[in-house]
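Asker: Okay, handing you the structure first.
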Amino acid sequence: MSERELELMQRIEDLERHTWRNSAILRSVAMVAFTSLIGIVVASGVVGGGRGSHWSGPAWNTMWLYGLFAANAVSMFWTTHKE
Amino acid sequence: MPMKISNAILLLVVCVICAAFNMQLFGGLDEMMGDQYWVVDQTQGDHGWYAMGLLPHVKKMPKDVVKALNTDADPKNDVVIYAQSGDFAGKSVYGICFGIPLIMYLIWFAFIIGFPDKVDPYLLPRKIFTIAVIIGCSVVANLFLMRIAGDFARDPMSRIANVAGNHASLLFHNAGIWFAILFSALGTHSHSFSEVQAPDSRKWQTQANEKFNWMFTLLGIVTVLEIVLVQNKLALPDAAVDYSVWIIWVVIFMRMYGFSPKYWLKRPTGIAIMVVGTLLTLPVFYMLERVTGTLGAGFASPILAKALGAENQNIGLSLMVSIYLVFWMEFATAIRMNGPSKKAVAQKF
């Protein structure tokens with residue numbers, strides 16, 4: 001390979017690494033984002049409970065559970081399977 | 001290559017011992033209260049709180065005294081109830097509460113550290129550090145959430161450790177799993193100064209359609225399943241907790257065993273481990289309840305029958321089945337026996 005081609009290959013690999021790294025960061029951002037999306041709803045449920053209400057629905061542990069759903073779902077969508 | 005059977009047993013035993021240790025730790029908090037409430041001692045610290053408002057100064061107070069103070073006409077003399085015995089470990093539904101730390105330790109040991117046969121001595125320090133960070137994040141986040149839940153609770157008889165989560169052990173261990181998944185996705189435990197080689201994506205084909213189609217199909221199936229379970233009093237009546245574990249089961253199942261029946265059919269060993277493991281786990285907890293009398297199984301449970309009436313004695317069955325299906329599914333992956341039958345493919349996480 002000529003020097004020019006080697007340089008181009010180098011740059012492509014560099015870009016690939018950075019793309020991969022960015023996708024990893026976006027995955028984590030998605031996990032946190034979806035967890036808080038669900039968590040806000042659950043949190044308002046907790047706040048809405050109290051005197052005079054018969055609320056017995058989600059508590060904070062449910063927020064973690066739906067967070068686990070979000071995190072696992074994001075991981076699932078980033079998994080590939082060979083047949 | 002699947003893991004050696006001795007290593008698989010070692011992994012299982014270590015996870016069970018560590019989970020039991022954690023449950024004893026939370027059980028110890030329960031025992032400290034005895035028959036009394038832990039109330040926030042507002043004469044100490046900043047209105048009874050210290051460590052940036054995360055930890056309460058607690059003192060014991062008899063339940064009838066607290067009830068008299070908090071239900072009279074004067075709201076000024078109310079005390080803040082932190083917990084009563086049972087709010088931390090959840091021994092009355094031990095089978096359910098035990099499953100969560102069990103899954104947590106499985107993820108920590110097998111998927112992060114690579115215990116027992118894939119421990120990389122070079123990466124071990126940063127993996128242990130990652131776990132330390134997970135523990136720190138879980139403790140701080142949950143103490144913070146418990147404080148918020150306590151501050152927002154308007155019922156004067158509500159208990160902070162219970163408002164924040166039916167049993168506090170569930171909070172800390174679920175967060176331990178959540179942060180483990182998060183940091184694994186970030187690559188914290190394998191991070192190095194030079195960036196990793198990107199996988200070669202030139203021959204990749206999209207699997208998005210089958211992922212979405214079968215995820216919604218399976219979610220529909222577990223929705224019907226959950227409705228049936230609730231109507232037969234085999235699940236908690238509000239369905240939120242039970243249903244969330246079933247939908248978690250769906251996405252983990254698809255991640256571990258593939259995205260459609262054409263993958264599942266080729267993975268009979270992994271699916272068998274999941275089903276048989278669960279079927280063997282339920283009798284263990286059934287026997288544990290009969291032997292100890294205090295550690296409830298969550299199904300066919302005299303403890304639940306006594307507390308909620310005989311018709312509700314199976315109310316934890318849905319959680320027991322779904323939690324242990326998730327555990328054995330992850331265990332099959334941890335011992336690398338979830339791959340297609342002709343050739344074992346090691347899955348990441």
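Identifiers in this document derive from the order of the structure tokens: chains are assigned A, B, ..., residues are numbered from 1 separately in each chain, and ligands are numbered from 1 in order of occurrence.
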Residues of chain B near chain A: apply a cut-off of 7 Å, count only C-alpha atoms, and supply the list as an MDAnalysis selection string.

Answerer: chainID B and resid 149 152:155 163:165 170:171 174:175 178 181:182 185:186 195:198 238 240:241 244:245 247:248 251:252 254:255 258 263

Asker: Can you write out the residues you just picked, keeping N, CA and C atoms, as a compact mmCIF listing (two decimals), in the first residue's frame?

Answerer:
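Saved result, part_32.txt, follows:
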# COMPACT_ATOMS: atom_id res chain seq x y z
N ALA B 149 -38.56 10.44 49.23
CA ALA B 149 -39.84 9.77 49.45
C ALA B 149 -40.36 10.07 50.84
N PHE B 152 -41.71 13.65 51.07
CA PHE B 152 -42.97 13.86 50.36
C PHE B 152 -44.12 13.08 50.99
N ALA B 153 -43.83 12.09 51.82
CA ALA B 153 -44.90 11.26 52.38
C ALA B 153 -45.80 12.12 53.26
N ARG B 154 -47.10 12.09 52.96
CA ARG B 154 -48.01 12.95 53.71
C ARG B 154 -48.79 12.19 54.77
N ASP B 155 -48.80 10.86 54.68
CA ASP B 155 -49.46 10.08 55.70
C ASP B 155 -48.57 10.05 56.94
N VAL B 163 -42.12 3.38 52.42
CA VAL B 163 -42.63 4.22 51.33
C VAL B 163 -41.67 4.16 50.15
N ALA B 164 -40.38 4.15 50.46
CA ALA B 164 -39.36 4.19 49.43
C ALA B 164 -39.29 2.89 48.64
N GLY B 165 -39.80 1.83 49.18
CA GLY B 165 -39.76 0.53 48.53
C GLY B 165 -40.29 -0.42 49.55
N LEU B 170 -34.66 -4.52 48.50
CA LEU B 170 -34.95 -4.54 47.06
C LEU B 170 -34.37 -3.31 46.37
N LEU B 171 -34.45 -2.17 47.04
CA LEU B 171 -33.93 -0.94 46.46
C LEU B 171 -32.44 -1.04 46.17
N ASN B 174 -31.53 -3.88 43.53
CA ASN B 174 -31.94 -3.54 42.16
C ASN B 174 -31.05 -2.45 41.58
N ALA B 175 -30.71 -1.46 42.40
CA ALA B 175 -29.82 -0.41 41.92
C ALA B 175 -28.44 -0.99 41.65
N TRP B 178 -28.73 -2.34 38.27
CA TRP B 178 -28.90 -1.28 37.25
C TRP B 178 -27.57 -0.58 36.97
N ILE B 181 -25.22 -2.79 34.92
CA ILE B 181 -25.50 -2.78 33.48
C ILE B 181 -25.02 -1.48 32.85
N LEU B 182 -25.27 -0.39 33.56
CA LEU B 182 -24.88 0.92 33.03
C LEU B 182 -23.36 1.01 32.85
N ALA B 185 -22.08 -1.09 30.06
CA ALA B 185 -22.31 -0.48 28.75
C ALA B 185 -21.28 0.61 28.48
N LEU B 186 -20.89 1.31 29.52
CA LEU B 186 -19.87 2.35 29.36
C LEU B 186 -18.47 1.76 29.19
N GLU B 195 -8.10 3.52 23.10
CA GLU B 195 -9.46 3.10 22.82
C GLU B 195 -9.48 1.73 22.17
N VAL B 196 -10.56 0.97 22.44
CA VAL B 196 -10.63 -0.39 21.91
C VAL B 196 -10.88 -0.35 20.41
N GLN B 197 -10.49 -1.49 19.80
CA GLN B 197 -10.74 -1.67 18.37
C GLN B 197 -12.24 -1.75 18.14
N ALA B 198 -12.76 -1.00 17.17
CA ALA B 198 -14.18 -1.10 16.86
C ALA B 198 -14.45 -2.43 16.16
N ASP B 238 -51.90 -4.74 42.48
CA ASP B 238 -51.68 -3.54 41.67
C ASP B 238 -50.86 -3.82 40.41
N ALA B 240 -48.07 -3.60 39.23
CA ALA B 240 -46.93 -2.82 38.74
C ALA B 240 -45.62 -3.57 38.90
N VAL B 241 -45.39 -4.11 40.11
CA VAL B 241 -44.11 -4.77 40.38
C VAL B 241 -43.99 -6.07 39.58
N SER B 244 -43.52 -5.49 35.84
CA SER B 244 -42.21 -4.98 35.45
C SER B 244 -41.19 -6.11 35.39
N VAL B 245 -41.26 -7.08 36.31
CA VAL B 245 -40.30 -8.19 36.24
C VAL B 245 -40.55 -9.05 35.00
N ILE B 247 -41.72 -8.00 32.09
CA ILE B 247 -41.21 -7.34 30.87
C ILE B 247 -39.68 -7.32 30.86
N ILE B 248 -39.07 -7.27 32.06
CA ILE B 248 -37.61 -7.43 32.11
C ILE B 248 -37.23 -8.81 31.59
N VAL B 251 -37.09 -8.93 27.72
CA VAL B 251 -35.94 -8.37 27.00
C VAL B 251 -34.66 -9.15 27.31
N ILE B 252 -34.52 -9.66 28.54
CA ILE B 252 -33.33 -10.46 28.82
C ILE B 252 -33.39 -11.77 28.04
N MET B 254 -34.76 -12.29 25.16
CA MET B 254 -34.40 -12.06 23.76
C MET B 254 -32.91 -11.77 23.60
N ARG B 255 -32.31 -11.13 24.63
CA ARG B 255 -30.88 -10.86 24.54
C ARG B 255 -30.07 -12.13 24.70
N GLY B 258 -31.80 -14.98 21.64
CA GLY B 258 -32.11 -14.63 20.26
C GLY B 258 -33.46 -13.97 20.14
N TYR B 263 -34.29 -18.75 16.50
CA TYR B 263 -33.10 -18.83 17.36
C TYR B 263 -33.38 -19.70 18.58

Asker: Quote the spacing between CA of Tyr286 in chain B and CA of Gln313 in chain B in Å to one decimal place.

Answerer: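 These atoms are spaced 12.2 Å apart.
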
Asker: So that I can see what lies close to Thr333 in chain B, please list as a VMD selection string the residues with an atom at most 12 Å from it, counting only C-alpha atoms and leaving out residues fewer than 2 positions away in the same chain.

Answerer: chain B and resid 1 to 3 8 106 to 107 110 to 111 114 252 to 253 255 to 257 267 269 to 271 273 to 274 326 to 331 335 to 340 344 to 349

Asker: Hey, what's within 8 Å of range 49-57 of chain B if we count only C-alpha atoms and toss same-chain stuff fewer than 3 positions away? As an MDAnalysis selection string, please?

Answerer: chainID B and resid 40:42 44:46 140 143:144 147

Asker: Since we have the selection now, will you write its residues out, keeping C-alpha atoms, as a PDB file, in the first residue's frame?

Answerer:
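Listing of out_24.pdb after writing:
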ATOM      1  CA  VAL B  40     -35.948  10.335  63.306  1.00  0.00           C
ATOM      2  CA  ASP B  41     -34.409  12.045  66.338  1.00  0.00           C
ATOM      3  CA  GLN B  42     -35.028  15.675  65.376  1.00  0.00           C
ATOM      4  CA  GLN B  44     -29.776  15.908  66.692  1.00  0.00           C
ATOM      5  CA  GLY B  45     -28.009  17.026  63.545  1.00  0.00           C
ATOM      6  CA  ASP B  46     -29.865  19.045  60.913  1.00  0.00           C
ATOM      7  CA  VAL B 140     -26.012   7.129  47.737  1.00  0.00           C
ATOM      8  CA  LEU B 143     -30.489   6.972  50.492  1.00  0.00           C
ATOM      9  CA  PHE B 144     -31.233  10.105  48.469  1.00  0.00           C
ATOM     10  CA  ARG B 147     -35.024  10.825  51.905  1.00  0.00           C
TER      11      ARG B 147
END

Asker: Could you check the closest approach to Val14 in chain B for each of B:Phe109, B:Phe299, B:Phe88, B:Trp204 and tell me which residue wins, using only C-alpha atoms?

Answerer: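 Under the stated criterion, the closest residue is B:Phe109.
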
Asker: Neighbours of Gly293 in chain B within 12 Å (only C-alpha atoms; same-chain residues fewer than 2 positions away dropped), as a list in words?

Answerer: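 That gives Lys91, Ser92, Val93, Tyr94, Phe285, Tyr286, Met287, Leu288, Glu289, Arg290, Val291, Leu295, Gly296, Ala297, Ser301, Pro302, Ile303 and Leu304 of chain B.
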
Asker: Take the residues that were just selected and, keeping N, CA and C atoms, output them as a compact mmCIF listing (two decimals), in the first residue's frame.

Answerer:
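What follows is the written file out27.txt:
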# COMPACT_ATOMS: atom_id res chain seq x y z
N LYS B 91 -38.23 -10.49 55.33
CA LYS B 91 -38.14 -11.94 55.56
C LYS B 91 -39.47 -12.65 55.33
N SER B 92 -40.59 -11.92 55.40
CA SER B 92 -41.89 -12.59 55.20
C SER B 92 -42.06 -13.04 53.75
N VAL B 93 -41.33 -12.41 52.82
CA VAL B 93 -41.32 -12.88 51.43
C VAL B 93 -39.86 -13.11 51.03
N TYR B 94 -39.15 -13.91 51.83
CA TYR B 94 -37.71 -14.12 51.66
C TYR B 94 -37.36 -14.63 50.27
N PHE B 285 -37.45 -23.03 48.36
CA PHE B 285 -37.99 -21.98 49.23
C PHE B 285 -39.24 -22.45 49.96
N TYR B 286 -40.02 -23.34 49.32
CA TYR B 286 -41.17 -23.93 50.00
C TYR B 286 -40.70 -24.67 51.25
N MET B 287 -39.64 -25.47 51.10
CA MET B 287 -39.10 -26.22 52.24
C MET B 287 -38.49 -25.28 53.28
N LEU B 288 -37.81 -24.22 52.79
CA LEU B 288 -37.17 -23.26 53.70
C LEU B 288 -38.21 -22.63 54.62
N GLU B 289 -39.39 -22.30 54.06
CA GLU B 289 -40.44 -21.72 54.89
C GLU B 289 -40.94 -22.73 55.91
N ARG B 290 -41.09 -23.99 55.49
CA ARG B 290 -41.58 -25.02 56.42
C ARG B 290 -40.56 -25.27 57.53
N VAL B 291 -39.26 -25.21 57.17
CA VAL B 291 -38.22 -25.53 58.16
C VAL B 291 -38.02 -24.38 59.14
N LEU B 295 -38.90 -17.46 57.28
CA LEU B 295 -38.45 -17.03 55.96
C LEU B 295 -39.48 -17.45 54.92
N GLY B 296 -40.36 -16.52 54.53
CA GLY B 296 -41.50 -16.85 53.68
C GLY B 296 -41.09 -17.13 52.25
N ALA B 297 -41.83 -18.04 51.59
CA ALA B 297 -41.52 -18.39 50.21
C ALA B 297 -42.22 -17.47 49.22
N SER B 301 -47.94 -20.04 51.20
CA SER B 301 -47.20 -19.53 52.34
C SER B 301 -48.11 -19.32 53.55
N PRO B 302 -47.89 -20.04 54.64
CA PRO B 302 -48.66 -19.79 55.86
C PRO B 302 -48.46 -18.36 56.38
N ILE B 303 -47.26 -17.78 56.14
CA ILE B 303 -47.00 -16.42 56.61
C ILE B 303 -47.93 -15.44 55.89
N LEU B 304 -48.04 -15.57 54.56
CA LEU B 304 -48.93 -14.69 53.80
C LEU B 304 -50.39 -14.96 54.16

Asker: What parts of range 43-273 of chain B does DSSP call alpha helix (DSSP H)? I'd like the answer as number ranges by chain.

Answerer: B: 63-71, 94-106, 124-152, 160-163, 168-186, 208-231, 240-257, 261-264, 268-273

Asker: Output C-alpha atoms for every residue in that selection, as a CSV table (one decimal), in the first residue's frame.

Answerer:
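Full text of selection_19.csv as output:
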chain,number,residue,atom,x,y,z
B,63,LYS,CA,-45.5,1.9,68.5
B,64,ASP,CA,-48.4,3.0,70.6
B,65,VAL,CA,-46.7,6.2,71.7
B,66,VAL,CA,-45.9,7.1,68.1
B,67,LYS,CA,-49.5,6.3,67.1
B,68,ALA,CA,-50.8,8.6,69.8
B,69,LEU,CA,-48.5,11.4,68.7
B,70,ASN,CA,-49.1,11.1,65.0
B,71,THR,CA,-52.9,10.6,65.0
B,94,TYR,CA,-37.7,-14.1,51.7
B,95,GLY,CA,-37.9,-16.1,48.4
B,96,ILE,CA,-38.6,-12.9,46.4
B,97,CYS,CA,-36.2,-10.6,48.3
B,98,PHE,CA,-33.4,-13.3,48.1
B,99,GLY,CA,-33.7,-13.5,44.3
B,100,ILE,CA,-32.6,-9.9,43.7
B,101,PRO,CA,-29.2,-10.0,45.5
B,102,LEU,CA,-28.7,-13.4,43.9
B,103,ILE,CA,-29.0,-11.9,40.4
B,104,MET,CA,-26.9,-9.0,41.5
B,105,TYR,CA,-24.0,-11.1,42.7
B,106,LEU,CA,-24.2,-13.3,39.6
B,124,LEU,CA,-9.0,-7.3,38.1
B,125,PRO,CA,-8.2,-4.1,40.0
B,126,ARG,CA,-10.3,-1.8,37.8
B,127,LYS,CA,-13.1,-4.4,37.8
B,128,ILE,CA,-13.1,-4.4,41.6
B,129,PHE,CA,-13.0,-0.6,41.6
B,130,THR,CA,-16.0,-0.6,39.2
B,131,ILE,CA,-17.9,-2.8,41.7
B,132,ALA,CA,-16.9,-0.4,44.5
B,133,VAL,CA,-18.3,2.5,42.4
B,134,ILE,CA,-21.5,0.5,41.8
B,135,ILE,CA,-21.9,-0.1,45.5
B,136,GLY,CA,-21.3,3.6,46.2
B,137,CYS,CA,-23.7,4.8,43.6
B,138,SER,CA,-26.4,2.4,44.7
B,139,VAL,CA,-26.1,3.4,48.4
B,140,VAL,CA,-26.0,7.1,47.7
B,141,ALA,CA,-28.8,7.1,45.1
B,142,ASN,CA,-31.1,5.0,47.3
B,143,LEU,CA,-30.5,7.0,50.5
B,144,PHE,CA,-31.2,10.1,48.5
B,145,LEU,CA,-34.4,8.6,47.0
B,146,MET,CA,-35.5,7.4,50.4
B,147,ARG,CA,-35.0,10.8,51.9
B,148,ILE,CA,-37.1,12.4,49.1
B,149,ALA,CA,-39.8,9.8,49.4
B,150,GLY,CA,-39.8,10.4,53.2
B,151,ASP,CA,-40.1,14.2,52.8
B,152,PHE,CA,-43.0,13.9,50.4
B,160,ILE,CA,-39.7,6.0,55.1
B,161,ALA,CA,-38.0,2.7,54.5
B,162,ASN,CA,-41.4,1.3,53.4
B,163,VAL,CA,-42.6,4.2,51.3
B,168,ALA,CA,-35.3,-1.5,51.4
B,169,SER,CA,-33.1,-4.5,50.4
B,170,LEU,CA,-34.9,-4.5,47.1
B,171,LEU,CA,-33.9,-0.9,46.5
B,172,PHE,CA,-30.2,-1.4,47.1
B,173,HIS,CA,-29.9,-4.6,45.2
B,174,ASN,CA,-31.9,-3.5,42.2
B,175,ALA,CA,-29.8,-0.4,41.9
B,176,GLY,CA,-26.7,-2.6,42.2
B,177,ILE,CA,-27.9,-4.5,39.1
B,178,TRP,CA,-28.9,-1.3,37.3
B,179,PHE,CA,-25.6,0.5,37.8
B,180,ALA,CA,-23.7,-2.8,36.8
B,181,ILE,CA,-25.5,-2.8,33.5
B,182,LEU,CA,-24.9,0.9,33.0
B,183,PHE,CA,-21.2,0.8,33.8
B,184,SER,CA,-20.7,-2.3,31.7
B,185,ALA,CA,-22.3,-0.5,28.7
B,186,LEU,CA,-19.9,2.3,29.4
B,208,ALA,CA,-34.1,-4.5,14.1
B,209,ASN,CA,-37.3,-5.8,12.6
B,210,GLU,CA,-37.3,-9.2,14.3
B,211,LYS,CA,-36.2,-7.5,17.6
B,212,PHE,CA,-39.2,-5.1,17.5
B,213,ASN,CA,-41.8,-7.6,16.2
B,214,TRP,CA,-41.0,-10.3,18.7
B,215,MET,CA,-40.5,-8.0,21.6
B,216,PHE,CA,-44.0,-6.6,21.2
B,217,THR,CA,-45.4,-10.1,20.7
B,218,LEU,CA,-43.8,-11.3,23.9
B,219,LEU,CA,-44.8,-8.2,25.8
B,220,GLY,CA,-48.4,-8.9,24.7
B,221,ILE,CA,-48.1,-12.5,25.9
B,222,VAL,CA,-46.7,-11.5,29.3
B,223,THR,CA,-49.4,-8.8,29.6
B,224,VAL,CA,-52.1,-11.5,29.2
B,225,LEU,CA,-50.2,-13.8,31.5
B,226,GLU,CA,-50.0,-11.0,34.2
B,227,ILE,CA,-53.7,-10.3,33.9
B,228,VAL,CA,-54.5,-14.0,34.4
B,229,LEU,CA,-52.1,-14.2,37.4
B,230,VAL,CA,-53.7,-11.1,39.0
B,231,GLN,CA,-57.2,-12.4,38.5
B,240,ALA,CA,-46.9,-2.8,38.7
B,241,VAL,CA,-44.1,-4.8,40.4
B,242,ASP,CA,-45.0,-8.2,38.9
B,243,TYR,CA,-45.5,-6.8,35.4
B,244,SER,CA,-42.2,-5.0,35.5
B,245,VAL,CA,-40.3,-8.2,36.2
B,246,TRP,CA,-42.1,-10.0,33.4
B,247,ILE,CA,-41.2,-7.3,30.9
B,248,ILE,CA,-37.6,-7.4,32.1
B,249,TRP,CA,-37.7,-11.2,31.6
B,250,VAL,CA,-38.8,-10.6,28.0
B,251,VAL,CA,-35.9,-8.4,27.0
B,252,ILE,CA,-33.3,-10.5,28.8
B,253,PHE,CA,-34.7,-13.6,27.2
B,254,MET,CA,-34.4,-12.1,23.8
B,255,ARG,CA,-30.9,-10.9,24.5
B,256,MET,CA,-29.7,-14.2,25.9
B,257,TYR,CA,-31.5,-16.6,23.5
B,261,PRO,CA,-38.4,-18.7,17.6
B,262,LYS,CA,-35.9,-19.7,14.9
B,263,TYR,CA,-33.1,-18.8,17.4
B,264,TRP,CA,-34.9,-20.2,20.4
B,268,PRO,CA,-32.7,-26.0,24.0
B,269,THR,CA,-30.0,-26.4,26.6
B,270,GLY,CA,-30.1,-22.8,27.8
B,271,ILE,CA,-33.9,-22.7,27.9
B,272,ALA,CA,-33.9,-26.0,29.7
B,273,ILE,CA,-31.5,-24.6,32.4

Asker: Could you jot down the CA of Gln84 in chain B to CA of Tyr37 in chain B separation for me, Å, one decimal place?

Answerer: 4.8 Å

Asker: Take CA of Ile5 in chain B and CA of Ser190 in chain B and report the distance between them in Å, one decimal.

Answerer: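 Here the two named atoms are 26.8 Å from each other.
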